[in-house]
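Participant: Quick one, upload30.cif (mmCIF, C-alpha atoms):
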```cif
data_protein
loop_
_atom_site.label_atom_id
_atom_site.label_comp_id
_atom_site.auth_asym_id
_atom_site.auth_seq_id
_atom_site.Cartn_x
_atom_site.Cartn_y
_atom_site.Cartn_z
CA MET C 10 0.00 0.00 0.00
CA PRO C 11 1.68 3.26 -1.03
CA LEU C 12 1.78 5.83 1.77
CA PRO C 13 0.77 9.38 0.84
CA THR C 14 3.32 12.01 1.64
CA THR C 15 2.56 15.15 3.59
CA ASP C 16 4.06 18.45 2.49
CA LEU C 17 4.78 20.39 5.66
CA THR C 18 5.49 24.00 4.78
CA GLU C 19 7.36 26.24 7.15
CA ARG C 20 4.98 28.23 9.30
CA PRO C 21 5.45 31.88 10.29
CA PRO C 22 6.21 32.71 13.93
CA LEU C 23 3.22 32.68 16.25
CA SER C 24 3.73 36.34 17.12
CA GLU C 25 3.31 37.31 13.46
CA VAL C 26 0.27 35.04 13.07
CA GLY C 27 -1.41 36.64 16.09
CA ALA C 28 -0.55 40.19 15.03
CA ALA C 29 -1.79 39.88 11.43
CA PRO C 30 -5.57 39.77 12.20
CA GLU C 31 -5.27 42.71 14.60
CA ARG C 32 -3.34 44.76 12.03
CA LEU C 33 -5.92 43.93 9.36
CA ALA C 34 -8.81 44.85 11.67
CA GLY C 35 -7.22 48.22 12.50
CA SER C 36 -6.77 49.04 8.82
CA ARG C 37 -10.35 48.03 8.00
CA ASN C 38 -11.70 50.13 10.89
CA LEU C 39 -9.81 53.15 9.59
CA VAL C 40 -11.29 52.57 6.12
CA GLN C 41 -14.79 52.45 7.61
CA LEU C 42 -14.11 55.67 9.51
CA ILE C 43 -12.86 57.37 6.33
CA GLN C 44 -15.96 56.30 4.39
CA MET C 45 -18.29 57.52 7.17
CA ARG C 46 -16.43 60.84 7.30
CA TRP C 47 -16.94 61.41 3.57
CA LEU C 48 -20.66 60.85 4.13
CA ALA C 49 -20.53 63.31 7.05
CA VAL C 50 -18.78 65.94 4.89
CA ALA C 51 -21.35 65.54 2.13
CA GLY C 52 -24.26 65.58 4.59
CA GLN C 53 -23.02 68.69 6.41
CA LEU C 54 -22.40 70.51 3.13
CA LEU C 55 -25.91 69.79 1.85
CA THR C 56 -27.46 70.71 5.21
CA ILE C 57 -25.60 74.04 5.45
CA LEU C 58 -26.45 75.05 1.89
CA ALA C 59 -30.09 73.97 2.22
CA VAL C 60 -30.62 75.84 5.50
CA HIS C 61 -28.89 78.96 4.23
CA PHE C 62 -30.36 79.21 0.73
CA LEU C 63 -33.63 77.25 0.85
CA LEU C 64 -34.83 77.99 4.39
CA GLY C 65 -33.47 81.51 4.42
CA VAL C 66 -31.57 81.11 7.69
CA SER C 67 -28.46 83.28 7.65
CA LEU C 68 -25.47 81.17 8.61
CA PRO C 69 -21.77 82.13 8.87
CA LEU C 70 -20.92 80.32 5.66
CA VAL C 71 -17.22 81.22 5.60
CA GLU C 72 -16.52 79.81 9.05
CA MET C 73 -18.67 76.69 8.64
CA LEU C 74 -17.38 75.85 5.17
CA THR C 75 -13.80 76.38 6.40
CA LEU C 76 -14.39 73.83 9.13
CA LEU C 77 -15.85 71.48 6.53
CA ALA C 78 -12.78 71.93 4.31
CA VAL C 79 -10.52 71.15 7.28
CA LEU C 80 -12.47 67.94 7.88
CA ALA C 81 -12.22 66.97 4.20
CA LEU C 82 -8.45 67.62 4.18
CA PHE C 83 -8.04 65.55 7.34
CA ASN C 84 -9.99 62.71 5.75
CA LEU C 85 -7.82 62.89 2.65
CA ALA C 86 -4.71 62.71 4.87
CA SER C 87 -6.21 59.69 6.67
CA TRP C 88 -6.80 57.96 3.33
CA MET C 89 -3.19 58.59 2.26
CA ARG C 90 -1.94 57.38 5.65
CA ASN C 91 -3.91 54.15 5.30
CA ARG C 92 -2.19 53.44 1.97
CA LEU C 93 1.15 53.20 3.83
CA ALA C 94 0.09 49.74 5.12
CA LEU C 95 1.28 50.57 8.65
CA PRO C 96 -0.55 49.13 11.69
CA VAL C 97 -3.42 51.30 12.94
CA SER C 98 -3.59 51.54 16.73
CA ASN C 99 -6.64 52.15 18.89
CA GLY C 100 -5.12 55.47 19.96
CA GLU C 101 -4.97 56.61 16.34
CA LEU C 102 -8.64 55.80 15.79
CA PHE C 103 -9.46 57.64 19.04
CA ALA C 104 -7.55 60.74 17.83
CA ALA C 105 -9.43 60.62 14.52
CA LEU C 106 -12.77 60.55 16.36
CA LEU C 107 -11.66 63.52 18.47
CA VAL C 108 -11.13 65.48 15.25
CA ASP C 109 -14.68 64.60 14.18
CA VAL C 110 -16.02 65.72 17.57
CA ALA C 111 -14.04 68.98 17.38
CA VAL C 112 -15.34 69.82 13.90
CA LEU C 113 -18.94 69.00 14.89
CA SER C 114 -18.58 71.19 18.00
CA GLY C 115 -17.31 74.06 15.82
CA GLN C 116 -20.26 73.71 13.45
CA LEU C 117 -22.71 73.69 16.36
CA PHE C 118 -20.99 76.74 17.89
CA PHE C 119 -21.77 78.73 14.76
CA ALA C 120 -25.32 77.33 14.51
CA GLY C 121 -27.05 77.82 17.86
CA GLY C 122 -25.27 75.43 20.25
CA VAL C 123 -27.59 73.09 22.18
CA SER C 124 -30.64 74.71 20.57
CA ASN C 125 -29.61 73.16 17.27
CA PRO C 126 -31.42 69.84 16.66
CA PHE C 127 -28.20 68.34 15.27
CA ILE C 128 -26.69 68.41 18.77
CA TYR C 129 -27.46 64.69 19.12
CA LEU C 130 -25.06 63.84 16.32
CA TYR C 131 -22.61 63.49 19.20
CA LEU C 132 -24.32 60.16 19.90
CA LEU C 133 -23.18 58.96 16.48
CA GLN C 134 -19.57 59.55 17.54
CA VAL C 135 -20.23 57.60 20.74
CA ALA C 136 -21.80 54.72 18.81
CA VAL C 137 -18.90 54.57 16.33
CA GLY C 138 -16.42 54.65 19.19
CA SER C 139 -18.26 51.83 20.96
CA VAL C 140 -17.76 49.62 17.91
CA LEU C 141 -14.16 50.56 17.05
CA LEU C 142 -12.40 51.38 20.33
CA LYS C 143 -11.34 49.73 23.55
CA PRO C 144 -13.33 50.53 26.73
CA ARG C 145 -10.99 53.22 28.09
CA TYR C 146 -11.16 55.13 24.80
CA ILE C 147 -14.93 54.68 24.54
CA TRP C 148 -15.59 56.27 27.92
CA ALA C 149 -13.12 59.04 27.05
CA ILE C 150 -15.27 59.82 24.00
CA VAL C 151 -18.35 59.96 26.27
CA VAL C 152 -16.57 62.40 28.61
CA VAL C 153 -15.32 64.60 25.75
CA THR C 154 -18.70 64.80 24.01
CA SER C 155 -20.43 65.55 27.34
CA LEU C 156 -17.98 68.40 28.02
CA CYS C 157 -18.57 69.77 24.51
CA PHE C 158 -22.33 69.57 25.17
CA VAL C 159 -21.91 71.55 28.40
CA ALA C 160 -19.63 74.10 26.69
CA LEU C 161 -22.16 74.70 23.93
CA THR C 162 -24.81 75.59 26.48
CA GLN C 163 -22.68 78.60 27.50
CA TRP C 164 -20.73 79.55 24.37
CA HIS C 165 -22.39 79.64 20.96
CA ARG C 166 -23.78 82.00 18.36
CA PRO C 167 -27.57 82.21 18.33
CA LEU C 168 -29.25 80.63 15.34
CA PRO C 169 -31.20 83.40 13.53
CA ALA C 170 -34.17 81.23 12.64
CA PRO C 171 -37.92 81.76 13.30
CA GLY C 172 -38.77 80.51 16.77
CA MET C 173 -35.10 80.32 17.76
CA MET C 174 -34.75 83.97 18.85
CA SER C 175 -36.42 83.45 22.25
CA PRO C 176 -34.57 84.26 25.46
CA SER C 177 -31.98 81.78 26.65
CA MET C 178 -33.23 78.41 27.83
CA SER C 179 -33.67 77.79 31.52
CA ALA C 180 -31.00 76.00 33.53
CA GLN C 181 -33.48 73.21 34.32
CA TYR C 182 -34.12 72.57 30.63
CA ILE C 183 -30.43 72.57 29.79
CA GLY C 184 -29.78 70.24 32.73
CA GLY C 185 -32.47 67.88 31.45
CA LEU C 186 -30.91 67.90 27.98
CA LEU C 187 -27.50 67.09 29.45
CA VAL C 188 -28.86 64.24 31.60
CA CYS C 189 -30.69 62.85 28.58
CA PHE C 190 -27.53 63.04 26.48
CA VAL C 191 -25.28 61.36 29.09
CA LEU C 192 -27.88 58.65 29.72
CA ASN C 193 -28.24 57.89 26.00
CA ALA C 194 -24.47 57.88 25.50
CA SER C 195 -23.90 55.55 28.48
CA LEU C 196 -26.61 53.14 27.36
CA LEU C 197 -25.15 53.08 23.87
CA VAL C 198 -21.72 52.21 25.22
CA ILE C 199 -23.02 49.53 27.60
CA PHE C 200 -25.34 47.73 25.22
CA ILE C 201 -23.17 48.00 22.12
CA GLY C 202 -20.31 46.68 24.25
CA ARG C 203 -22.42 43.75 25.45
CA ILE C 204 -23.62 42.95 21.95
CA GLY C 205 -20.06 43.07 20.64
CA ARG C 206 -18.85 40.84 23.48
CA ASN C 207 -21.62 38.31 22.78
CA LEU C 208 -20.72 38.29 19.09
CA ARG C 209 -17.04 37.78 19.88
CA GLN C 210 -17.88 34.89 22.23
CA ARG C 211 -20.04 33.34 19.53
CA ASP C 212 -17.27 33.70 16.96
CA ALA C 213 -14.75 32.20 19.38
CA SER C 214 -17.06 29.24 20.04
CA LEU C 215 -17.58 28.69 16.31
CA ALA C 216 -13.84 28.91 15.70
CA ASP C 217 -13.24 26.36 18.45
CA LEU C 218 -15.82 24.02 16.94
CA ARG C 219 -14.26 24.39 13.49
CA GLN C 220 -10.82 23.72 14.94
CA ARG C 221 -12.06 20.63 16.74
CA ALA C 222 -13.79 19.36 13.59
CA ALA C 223 -10.58 19.88 11.60
CA GLU C 224 -8.57 18.03 14.23
CA GLU C 225 -11.04 15.14 14.28
CA GLU C 226 -10.93 14.95 10.48
CA HIS C 227 -7.14 14.95 10.71
CA ILE C 228 -7.30 12.08 13.21
CA VAL C 229 -9.58 10.08 10.93
CA ARG C 230 -7.19 10.50 8.02
CA MET C 231 -4.20 9.51 10.14
CA GLY C 232 -6.17 6.55 11.48
CA LEU C 233 -6.92 5.33 7.95
CA LEU C 234 -3.29 5.78 6.98
CA ALA C 235 -2.03 3.99 10.09
CA SER C 236 -4.54 1.18 9.69
CA GLY C 237 -3.49 0.58 6.10
CA ALA C 238 0.19 0.69 7.03
CA ALA C 239 -0.41 -1.73 9.92
CA HIS C 240 -2.08 -4.23 7.59
CA GLU C 241 0.83 -4.01 5.16
CA LEU C 242 3.42 -4.40 7.94
CA GLY C 243 1.73 -7.50 9.34
CA THR C 244 3.06 -9.87 6.65
CA PRO C 245 6.76 -8.86 6.73
CA LEU C 246 6.73 -8.88 10.54
CA ALA C 247 5.30 -12.39 10.57
CA THR C 248 7.96 -13.50 8.05
CA LEU C 249 10.74 -11.99 10.18
CA SER C 250 9.35 -13.73 13.26
CA VAL C 251 9.47 -17.13 11.51
CA ILE C 252 13.03 -16.52 10.23
CA LEU C 253 14.28 -15.48 13.67
CA GLY C 254 12.64 -18.56 15.20
CA ASP C 255 14.44 -20.78 12.69
CA TRP C 256 17.74 -19.03 13.36
CA ALA C 257 17.34 -19.54 17.10
CA ARG C 258 17.08 -23.31 16.55
CA MET C 259 20.01 -23.60 14.15
CA ALA C 260 23.14 -25.16 15.62
CA PRO C 261 25.61 -22.48 14.39
CA PHE C 262 23.62 -19.73 16.11
CA ALA C 263 22.76 -21.77 19.20
CA ALA C 264 26.46 -22.50 19.76
CA GLU C 265 27.39 -18.81 19.80
CA PRO C 266 26.15 -17.07 22.98
CA GLU C 267 26.62 -13.59 21.51
CA LEU C 268 24.64 -14.42 18.38
CA ARG C 269 21.98 -16.10 20.48
CA GLU C 270 21.69 -12.99 22.67
CA GLU C 271 21.37 -10.73 19.63
CA ILE C 272 18.66 -12.96 18.15
CA GLU C 273 16.74 -12.82 21.42
CA GLU C 274 17.03 -9.02 21.45
CA MET C 275 15.76 -8.91 17.85
CA GLN C 276 12.83 -11.12 18.84
CA VAL C 277 11.98 -8.75 21.72
CA GLN C 278 12.03 -5.73 19.43
CA LEU C 279 10.02 -7.61 16.80
CA LYS C 280 7.46 -8.50 19.43
CA ARG C 281 7.23 -4.81 20.32
CA CYS C 282 6.67 -3.90 16.64
CA LYS C 283 3.88 -6.46 16.41
CA SER C 284 2.37 -5.06 19.61
CA ILE C 285 2.43 -1.55 18.15
CA VAL C 286 0.74 -2.78 14.96
CA SER C 287 -1.92 -4.57 17.03
CA GLY C 288 -2.51 -1.42 19.05
CA ILE C 289 -2.98 0.66 15.89
CA LEU C 290 -5.55 -1.77 14.53
CA LEU C 291 -7.34 -2.05 17.87
CA SER C 292 -7.57 1.74 18.05
CA ALA C 293 -9.09 1.69 14.56
CA GLY C 294 -11.69 -0.82 15.74
CA GLU C 295 -10.16 -3.86 14.04
CA ALA C 296 -9.33 -7.16 15.73
CA ARG C 297 -5.73 -8.26 15.67
CA GLY C 298 -3.85 -9.82 18.52
CA GLU C 299 -5.22 -9.43 22.04
CA ALA C 300 -8.49 -7.59 22.50
CA PRO C 301 -9.03 -5.07 25.31
CA GLU C 302 -9.41 -6.96 28.55
CA GLU C 303 -10.59 -6.30 32.06
CA THR C 304 -7.85 -5.82 34.63
CA THR C 305 -7.20 -3.71 37.71
CA LEU C 306 -5.80 -0.23 37.87
CA HIS C 307 -2.72 -1.35 39.82
CA ASP C 308 -1.91 -4.17 37.38
CA PHE C 309 -2.48 -1.91 34.38
CA LEU C 310 -0.14 0.80 35.67
CA ASP C 311 2.54 -1.64 36.90
CA ASP C 312 2.55 -3.63 33.63
CA LEU C 313 2.66 -0.44 31.57
CA VAL C 314 5.64 0.92 33.53
CA ASP C 315 7.51 -2.43 33.40
CA GLU C 316 6.99 -2.74 29.65
CA TRP C 317 8.02 0.85 29.04
CA ARG C 318 11.18 0.44 31.13
CA THR C 319 12.26 -2.68 29.28
CA THR C 320 11.66 -1.33 25.79
CA ARG C 321 13.18 2.17 26.17
CA PRO C 322 16.74 3.27 26.89
CA VAL C 323 15.68 5.07 30.05
CA THR C 324 18.25 5.96 32.72
CA SER C 325 15.83 5.93 35.62
CA LEU C 326 12.05 6.14 36.00
CA HIS C 327 10.79 6.88 39.51
CA TYR C 328 7.30 5.41 39.68
CA LYS C 329 4.91 6.12 42.54
CA ARG C 330 1.20 5.35 42.94
CA ASP C 331 0.42 5.78 46.63
CA ASP C 332 -3.21 5.80 47.78
CA VAL C 333 -4.58 4.85 44.36
CA PRO C 334 -7.63 2.53 44.63
CA ASP C 335 -7.22 -0.81 42.90
CA VAL C 336 -10.48 -0.64 40.95
CA PRO C 337 -11.28 -2.78 37.90
CA ILE C 338 -10.69 -1.04 34.55
CA ILE C 339 -10.66 -1.89 30.85
CA SER C 340 -7.10 -2.15 29.53
CA ASP C 341 -7.26 -0.39 26.17
CA SER C 342 -4.44 0.05 23.65
CA ALA C 343 -5.30 3.72 23.07
CA LEU C 344 -4.96 4.39 26.81
CA LYS C 345 -1.56 2.64 26.86
CA GLN C 346 -0.37 4.57 23.84
CA MET C 347 -1.51 7.89 25.32
CA ILE C 348 0.52 7.42 28.51
CA GLY C 349 3.41 5.91 26.55
CA ASN C 350 3.54 8.92 24.20
CA VAL C 351 3.79 11.32 27.14
CA LEU C 352 6.59 9.25 28.69
CA ASP C 353 8.36 9.03 25.32
CA ASN C 354 8.28 12.82 24.95
CA ALA C 355 9.70 13.25 28.45
CA LEU C 356 12.47 10.77 27.62
CA GLU C 357 13.32 12.63 24.39
CA ALA C 358 13.46 15.92 26.31
CA ALA C 359 15.83 14.53 28.96
CA PRO C 360 17.40 11.28 27.66
CA LYS C 361 20.17 11.14 30.27
CA SER C 362 18.21 12.32 33.31
CA PRO C 363 15.78 10.48 35.58
CA LEU C 364 12.03 10.74 34.95
CA TRP C 365 9.15 10.67 37.41
CA LEU C 366 5.69 9.16 37.04
CA THR C 367 3.40 9.93 39.97
CA VAL C 368 -0.18 8.65 40.05
CA ASP C 369 -2.79 9.83 42.52
CA CYS C 370 -6.55 9.74 42.77
CA ASP C 371 -8.90 12.41 44.10
CA GLU C 372 -12.40 11.02 44.63
CA ASP C 373 -13.43 9.95 41.10
CA THR C 374 -10.54 11.49 39.11
CA LEU C 375 -7.26 9.77 38.21
CA THR C 376 -4.27 12.08 37.75
CA LEU C 377 -0.88 11.13 36.31
CA HIS C 378 2.09 13.49 36.61
CA VAL C 379 5.05 12.99 34.24
CA LEU C 380 8.10 15.09 35.15
CA ASP C 381 11.51 15.50 33.53
CA ASN C 382 14.67 17.57 33.98
CA GLY C 383 14.83 18.74 30.38
CA PRO C 384 14.84 22.32 29.05
CA GLY C 385 11.08 22.69 29.47
CA PHE C 386 8.51 23.95 27.00
CA ALA C 387 8.98 27.11 24.98
CA PRO C 388 6.20 29.70 25.48
CA GLN C 389 4.96 29.11 21.92
CA MET C 390 4.76 25.37 22.60
CA LEU C 391 2.68 25.91 25.74
CA GLU C 392 0.27 28.15 23.80
CA GLN C 393 -0.12 25.52 21.05
CA PHE C 394 0.22 22.42 23.25
CA GLY C 395 -1.36 19.35 21.69
CA LYS C 396 -1.77 20.92 18.23
CA PRO C 397 -0.52 18.87 15.25
CA TYR C 398 3.00 19.57 13.99
CA GLN C 399 3.84 21.69 17.06
CA SER C 400 7.14 20.21 18.20
CA SER C 401 10.43 21.43 19.64
CA LYS C 402 12.36 18.58 17.99
CA GLY C 403 12.77 20.42 14.71
CA LYS C 404 11.82 17.50 12.48
CA PRO C 405 8.92 17.17 9.99
CA GLY C 406 5.80 15.60 11.41
CA GLY C 407 6.83 16.20 15.01
CA GLY C 408 4.22 16.73 17.69
CA LEU C 409 1.75 14.12 16.41
CA GLY C 410 2.25 11.91 19.48
CA LEU C 411 1.08 14.61 21.89
CA PHE C 412 -1.65 15.64 19.45
CA LEU C 413 -3.07 12.10 19.47
CA SER C 414 -2.65 11.80 23.25
CA VAL C 415 -4.60 15.02 23.85
CA ASN C 416 -7.45 13.80 21.66
CA VAL C 417 -7.51 10.35 23.30
CA ALA C 418 -7.77 12.05 26.71
CA ARG C 419 -10.54 14.29 25.39
CA THR C 420 -12.41 11.23 24.09
CA LEU C 421 -12.21 9.67 27.55
CA GLY C 422 -13.59 12.84 29.13
CA GLY C 423 -10.24 13.99 30.48
CA ARG C 424 -7.52 16.44 29.51
CA ILE C 425 -3.76 16.80 29.26
CA GLU C 426 -2.02 19.96 30.48
CA ALA C 427 1.62 21.05 30.43
CA ARG C 428 3.67 23.51 32.42
CA ASN C 429 7.28 24.37 33.18
CA ARG C 430 8.53 23.58 36.68
CA MET C 431 10.00 26.33 38.84
CA GLU C 432 13.07 24.17 39.58
CA GLY C 433 13.60 23.38 35.90
CA GLY C 434 12.20 20.83 33.52
CA ALA C 435 8.63 20.21 32.47
CA GLU C 436 5.52 18.55 33.86
CA VAL C 437 2.68 17.01 31.88
CA ILE C 438 -0.52 16.27 33.81
CA ILE C 439 -3.01 13.68 32.56
CA THR C 440 -6.44 13.90 34.19
CA LEU C 441 -9.00 11.15 33.55
CA PRO C 442 -12.38 10.36 35.15
CA LEU C 443 -12.26 6.88 36.66
CA ALA C 444 -15.80 6.14 35.47
CA THR C 445 -14.71 6.11 31.80
CA LEU C 446 -11.99 3.53 32.54
CA MET C 447 -14.12 1.14 34.58
CA PRO C 448 -16.42 -1.59 33.23
CA PRO C 449 -20.07 -0.49 32.93
CA GLU C 450 -21.19 -2.63 35.87
CA TRP C 451 -18.54 -1.02 38.13
CA ALA C 452 -18.99 2.57 37.01
CA PRO C 453 -20.82 4.92 39.45
CA HIS C 454 -24.54 5.28 38.80
CA GLY C 455 -25.25 8.00 36.24
CA ALA C 456 -21.63 8.19 35.02
#
```
Can you give me the file's structure in the form of structure tokens?
Facilitator:
Amino acid sequence: MPLPTTDLTERPPLSEVGAAPERLAGSRNLVQLIQMRWLAVAGQLLTILAVHFLLGVSLPLVEMLTLLAVLALFNLASWMRNRLALPVSNGELFAALLVDVAVLSGQLFFAGGVSNPFIYLYLLQVAVGSVLLKPRYIWAIVVVTSLCFVALTQWHRPLPAPGMMSPSMSAQYIGGLLVCFVLNASLLVIFIGRIGRNLRQRDASLADLRQRAAEEEHIVRMGLLASGAAHELGTPLATLSVILGDWARMAPFAAEPELREEIEEMQVQLKRCKSIVSGILLSAGEARGEAPEETTLHDFLDDLVDEWRTTRPVTSLHYKRDDVPDVPIISDSALKQMIGNVLDNALEAAPKSPLWLTVDCDEDTLTLHVLDNGPGFAPQMLEQFGKPYQSSKGKPGGGLGLFLSVNVARTLGGRIEARNRMEGGAEVIITLPLATLMPPEWAPHGA
């Protein structure tokens, strides 16, 4: 069976991957702000001309059109700045909104202040800020617009329009307008913020589900590949086993102790290969070799440690399982491979140092701690722990062992976590609910 090859391209650093979406979002937000500002310029120009020439209200056209030209020039500069492809910070967007607020305040100063019905355009700035900015900048916009509102109650040119030439408004009315404005602005910030947070949580949940589906599809493909390879390897392994058995009985080999010892070592390693092939097929749901059997937790752990010690070039493995209940469990090849993969990774990280395997049980949860004296995990590895092809070994295809182990633990209702020890080295913690390991008749009721 020909094995398909996997082309593993070099990935960019995680810092660049994480920064790219934020940089793109900042640039898109600036584009949206530029487009809205062009609409504001056009809307203000039409409004000023219509009020002055159609409604016959005398406005200070020079001053108001000058402010409008300043806003248009600023928007043109923002468009040119966005073409530089530099990252756009939240502070830059905040400064741009302050320019919009300043120009709007100037227009309202020349057109009646708080008596102008367009005073509530400040709420548009608050709403835009609530969508684009971080909380500290959003509330700063609320404070700035509120101060501008208060200032316009005291300093403004009266609007010479019919019905607008009455004496100044009472302090109570102005106070009511201010309270109404602050209340509306605060509610906008709170509820737009909540809606945005809910949308982000939904998007994060969907992204997590997509990631999990992709990982499960990846596991299925690897399972099919491994199952096919295991079937193909079965015949040559059986042939090698027969040949080694014949060699062991031949007089020339039997008479040489060194050759006999080497043949026995080859038979041990061949037996391990056959066991691995059987485990792959059992994990794929196919029968080959010994089927999963009922045993006890103590026997399972002791046999696993003894087998791992004898088949790996380990210097020292300190094994401890104090106060662990000896409950009946189902010995499954996937469970053995999961723990074996974690031990193998610890051995590769510290091949000449002792390892530790500590097992404890807290009520209905089994916890295994695997510790080593290696260099520990890099920060990027901890962030992407258990993801496929995330490995510190620097070889193609690395990291699949931990990836499979994490998914086996997840299937059993548990999890695998990693951390760096304060005294040096790394620790991997496997947490499994006992109920998923026990036979159905022994599992707690409702588990």
Participant: Find, counting all atoms listed in the file, the residue in C:Phe158, C:Phe103, C:Trp47, C:Tyr328 that gets nearest to Leu141 in chain C.
Facilitator: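 Nearest candidate to Leu141 in chain C out of C:Phe158, C:Phe103, C:Trp47, C:Tyr328: C:Phe103.
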Participant: Between C:Lys345, C:Arg281, C:His165, C:Arg424, which is the closest to Arg321 in chain C once you count only C-alpha atoms?
Facilitator: C:Arg281
Participant: With all atoms listed in the file as the basis for distance, which of C:Ser124, C:Thr420, C:Gln220, C:Ser195 is at the shortest distance from Ala149 in chain C?
Facilitator: C:Ser195
Participant: Taking the file as I've supplied it (selection: the PyMOL selection byres ((chain C and resi 363) around 6)), which residues are included? Please answer as a tab-separated table (two decimals) with C-alpha atoms, in the frame of the given file.
Facilitator:
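result_15.tsv was written with the following content:
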```tsv
chain	number	residue	atom	x	y	z
C	324	THR	CA	18.25	5.96	32.72
C	325	SER	CA	15.83	5.93	35.62
C	326	LEU	CA	12.05	6.14	36.00
C	362	SER	CA	18.21	12.32	33.31
C	364	LEU	CA	12.03	10.74	34.95
```
Participant: Find the residues near Phe119 in chain C: any atom within 12 Å, counting all atoms listed in the file, skip ones fewer than 6 places away on the same chain, and give them as JSON, numbers by chain.
Facilitator: {"C": [57, 67, 68, 69, 70, 71, 72, 73, 74, 75, 76, 112, 113, 125, 161, 164, 165, 166, 167, 168, 169]}
Participant: Apply the PyMOL selection byres ((chain C and resi 250-267) around 12) to the file shown and report the selected residues as a VMD selection string.
Facilitator: chain C and resid 243 to 249 268 to 283
Participant: Go through the shown structure with the PyMOL selection byres ((chain C and resi 313) around 12) and write out the matching residues as JSON, numbers by chain.
Facilitator: {"C": [306, 307, 308, 309, 310, 311, 312, 314, 315, 316, 317, 318, 319, 320, 328, 340, 341, 342, 344, 345, 346, 347, 348, 349, 350, 352, 366]}
Participant: Between C:Val60, C:Val40, C:Val417, C:Leu242, single out the one closest to Ser87 in chain C, counting only C-alpha atoms.
Facilitator: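 The answer is C:Val40, which sits nearest to Ser87 in chain C.
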